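These notes concern the structure reproduced below.
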Amino acid sequence: MMIRIENICKVFNEGTPQAFEALKSINLELDKGEMMILSGVSGSGKSTLLSLIAALDKPSSGKIVVEGELISKLPDLHASAYRAKSIGFIFQHFNLLEVLSVEENVMAALINSGIDLTEVKQMTKRSMEQASIYHKAKQQVKELSGGEKQRCAIARALVAEPNLIICDEPTANLDKANSLKFIEILQQLHQDGKTIIVATHDPLFETLPFVGRVVHMEDGSIV
Ligand SMILES: Nc1ncnc2c1ncn2[C@@H]1O[C@H](COP(=O)(O)OP(=O)(O)O)[C@@H](O)[C@H]1O
Ligand SMILES: [Mg+2]
């Protein structure tokens, strides 16, 4: 079992008049190597759920266990170590440092990893090759096209060799050709045995043969 989510609730602004229940008693299990699509309209709670799995935020109640570790209770310092080691997160807006080069953006994910520089450089090169962006290694991110930025973000997400890849609307800012290229890379990662979760309402994902499961969210619940 890769992920076990038990009775997760998330209330934003808890205890205030603005309190909002974004996730309502979510239960979900994901096997190692599974590829899951999280679908649902904007506001249904997809990003909130992903941020809890990635330990970017904590649930109001319930339990999240990833690879045997109870991550819903991790103190912040451990949460960031868990993210760096175990999770590759790919965002819609890429979240890259625009004035740094591709290579520097990718290497930055290994800062504080304790891995020595020679190996960091090898891992960075390997990851850029895997994401088909090595030919732009020295280029500043701000000079890249949208598709290239996405591939840089993929390289950064993969560099620490995480077992779990989480993508939030990864193709929302890509044209069809780049979306298909992105899907090709995901398929390779799936073949490599990675566990993958993609929140998306891009219809391109619905018919992919390697998608194991589509989970649909509505108003903070799985339906
Ligand atoms: N930090 C926050 N504070 C208050 N409300 C939030 C916060 N983040 C998300 N929400 C609300 O929670 C709901 C689910 O948001 P989100 O998980 O981003 O949905 P999705 O990713 O499916 O579009 C939305 O109604 C959103 O406005
Ligand atoms: Mg979202």
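Residue names in the structure tokens use chain letters A, B, ... in the order shown, residue numbers from 1 in each chain, and ligand numbers from 1 in the order shown.
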
Which polymer residues have any atom within 12 Å of an atom of Leu144 of chain A, counting only C-alpha atoms, with same-chain residues fewer than 3 positions away left out, as a ChimeraX atom specification?
-> /A:94,96-102,133,135-141,147-153

Contact residues around Arg213 of chain A with only C-alpha atoms at 10 Å, ignoring same-chain residues under 2 positions, as a PDB file with C-alpha atoms, in the first residue's frame:
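Output file result_31.pdb follows:
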ATOM      1  CA  LEU A  30      -3.670   3.777  -3.532  1.00  0.00           C
ATOM      2  CA  GLU A  34      -0.954   2.863  -9.468  1.00  0.00           C
ATOM      3  CA  MET A  35      -1.840   5.787 -11.717  1.00  0.00           C
ATOM      4  CA  MET A  36      -4.885   7.688 -10.486  1.00  0.00           C
ATOM      5  CA  ILE A  37      -6.748  10.637 -11.943  1.00  0.00           C
ATOM      6  CA  LEU A  38      -8.497  13.020  -9.582  1.00  0.00           C
ATOM      7  CA  ILE A 197      -1.745  11.083  -8.935  1.00  0.00           C
ATOM      8  CA  GLU A 206      -9.650  10.155 -19.586  1.00  0.00           C
ATOM      9  CA  PHE A 210      -2.323   3.288 -18.241  1.00  0.00           C
ATOM     10  CA  VAL A 211      -4.781   5.170 -16.030  1.00  0.00           C
ATOM     11  CA  VAL A 215     -11.709   9.306  -8.756  1.00  0.00           C
ATOM     12  CA  HIS A 216     -14.293  12.023  -9.041  1.00  0.00           C
TER      13      HIS A 216
END

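Among A:Ser132, A:Met123, A:Ser61, A:Asp168, the residue with the shortest atom-to-atom distance to Leu110 of chain A, counting only C-alpha atoms, is A:Met123.
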
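With a cut-off of 12 Å and using only C-alpha atoms and all ligand atoms, the polymer residues contacting ligand 2 are Ala22, Leu38, Ser39, Gly40, Val41, Ser42, Gly43, Ser44, Gly45, Lys46, Ser47, Thr48, Leu49, Leu50, Ser51, Phe91, Gln92, His93, Cys167, Asp168, Glu169, Pro170, Ala172, Val198, Ala199, Thr200, His201, Met217 and Gly220 of chain A.
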
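You will find atom CA of Leu117 of chain A at 26.6 Å from atom CA of Ile166 of chain A.
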
Segment 1-203 of chain A: which residues are alpha helix (DSSP H) by DSSP, as JSON, numbers by chain?
-> {"A": [46, 47, 48, 49, 50, 51, 52, 53, 76, 77, 78, 79, 80, 81, 82, 83, 84, 85, 86, 102, 103, 104, 105, 106, 107, 108, 117, 118, 119, 120, 121, 122, 123, 124, 125, 126, 127, 128, 129, 130, 146, 147, 148, 149, 150, 151, 152, 153, 154, 155, 156, 157, 158, 176, 177, 178, 179, 180, 181, 182, 183, 184, 185, 186, 187, 188, 189, 190, 191]}

Atom CA of Ser25 of chain A to atom CA of Ser221 of chain A: how many Å, to one decimal?
-> 7.0 Å

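With atom CA of Val65 of chain A on one side and atom CA of Met2 of chain A on the other, the separation reads 8.0 Å.
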
Just the strand (DSSP E or B) stuff from segment 6-219 of chain A, please, per backbone DSSP, written as a ChimeraX atom specification.
-> /A:6-12,20-30,35-39,61-66,69-70,87-90,101,140,164-168,195-199,213-218

Using only C-alpha atoms and all ligand atoms, the best pick from A:Ile87, A:Leu164, A:Ile8, A:Ala19 as closest to ligand 1 would be A:Ala19

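Nearest residue to Ala108 of chain A, choosing from A:Tyr82, A:Leu77, A:Phe89, A:Ala160 and counting only C-alpha atoms: A:Ala160.
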
Within 10 Å of Gln191 of chain A, counting only C-alpha atoms, which residues show up once you throw out same-chain ones fewer than 5 positions away? Write them as a ChimeraX atom specification, please.
-> /A:33,185-186,210

Pull N, CA and C atoms from the residues just selected and write them as a compact mmCIF listing (two decimals), in the first residue's frame.
# COMPACT_ATOMS: atom_id res chain seq x y z
N GLY A 33 2.61 1.91 -7.54
CA GLY A 33 2.63 1.75 -8.99
C GLY A 33 1.33 2.12 -9.67
N ILE A 185 5.82 11.26 -20.93
CA ILE A 185 6.77 11.17 -19.81
C ILE A 185 6.11 10.48 -18.62
N LEU A 186 4.83 10.82 -18.37
CA LEU A 186 4.09 10.16 -17.28
C LEU A 186 4.00 8.65 -17.50
N PHE A 210 -3.05 3.59 -19.48
CA PHE A 210 -2.32 3.29 -18.24
C PHE A 210 -2.94 3.95 -17.00

Shortest contact to ligand 1, candidates A:Asn7, A:Asn13, A:Ser80, A:Ser72, atoms counted only C-alpha atoms and all ligand atoms, goes to A:Asn13

Proximity to ligand 1 - best of A:Asp202, A:Glu143, A:Glu21, A:Glu161, only C-alpha atoms and all ligand atoms | A:Glu21
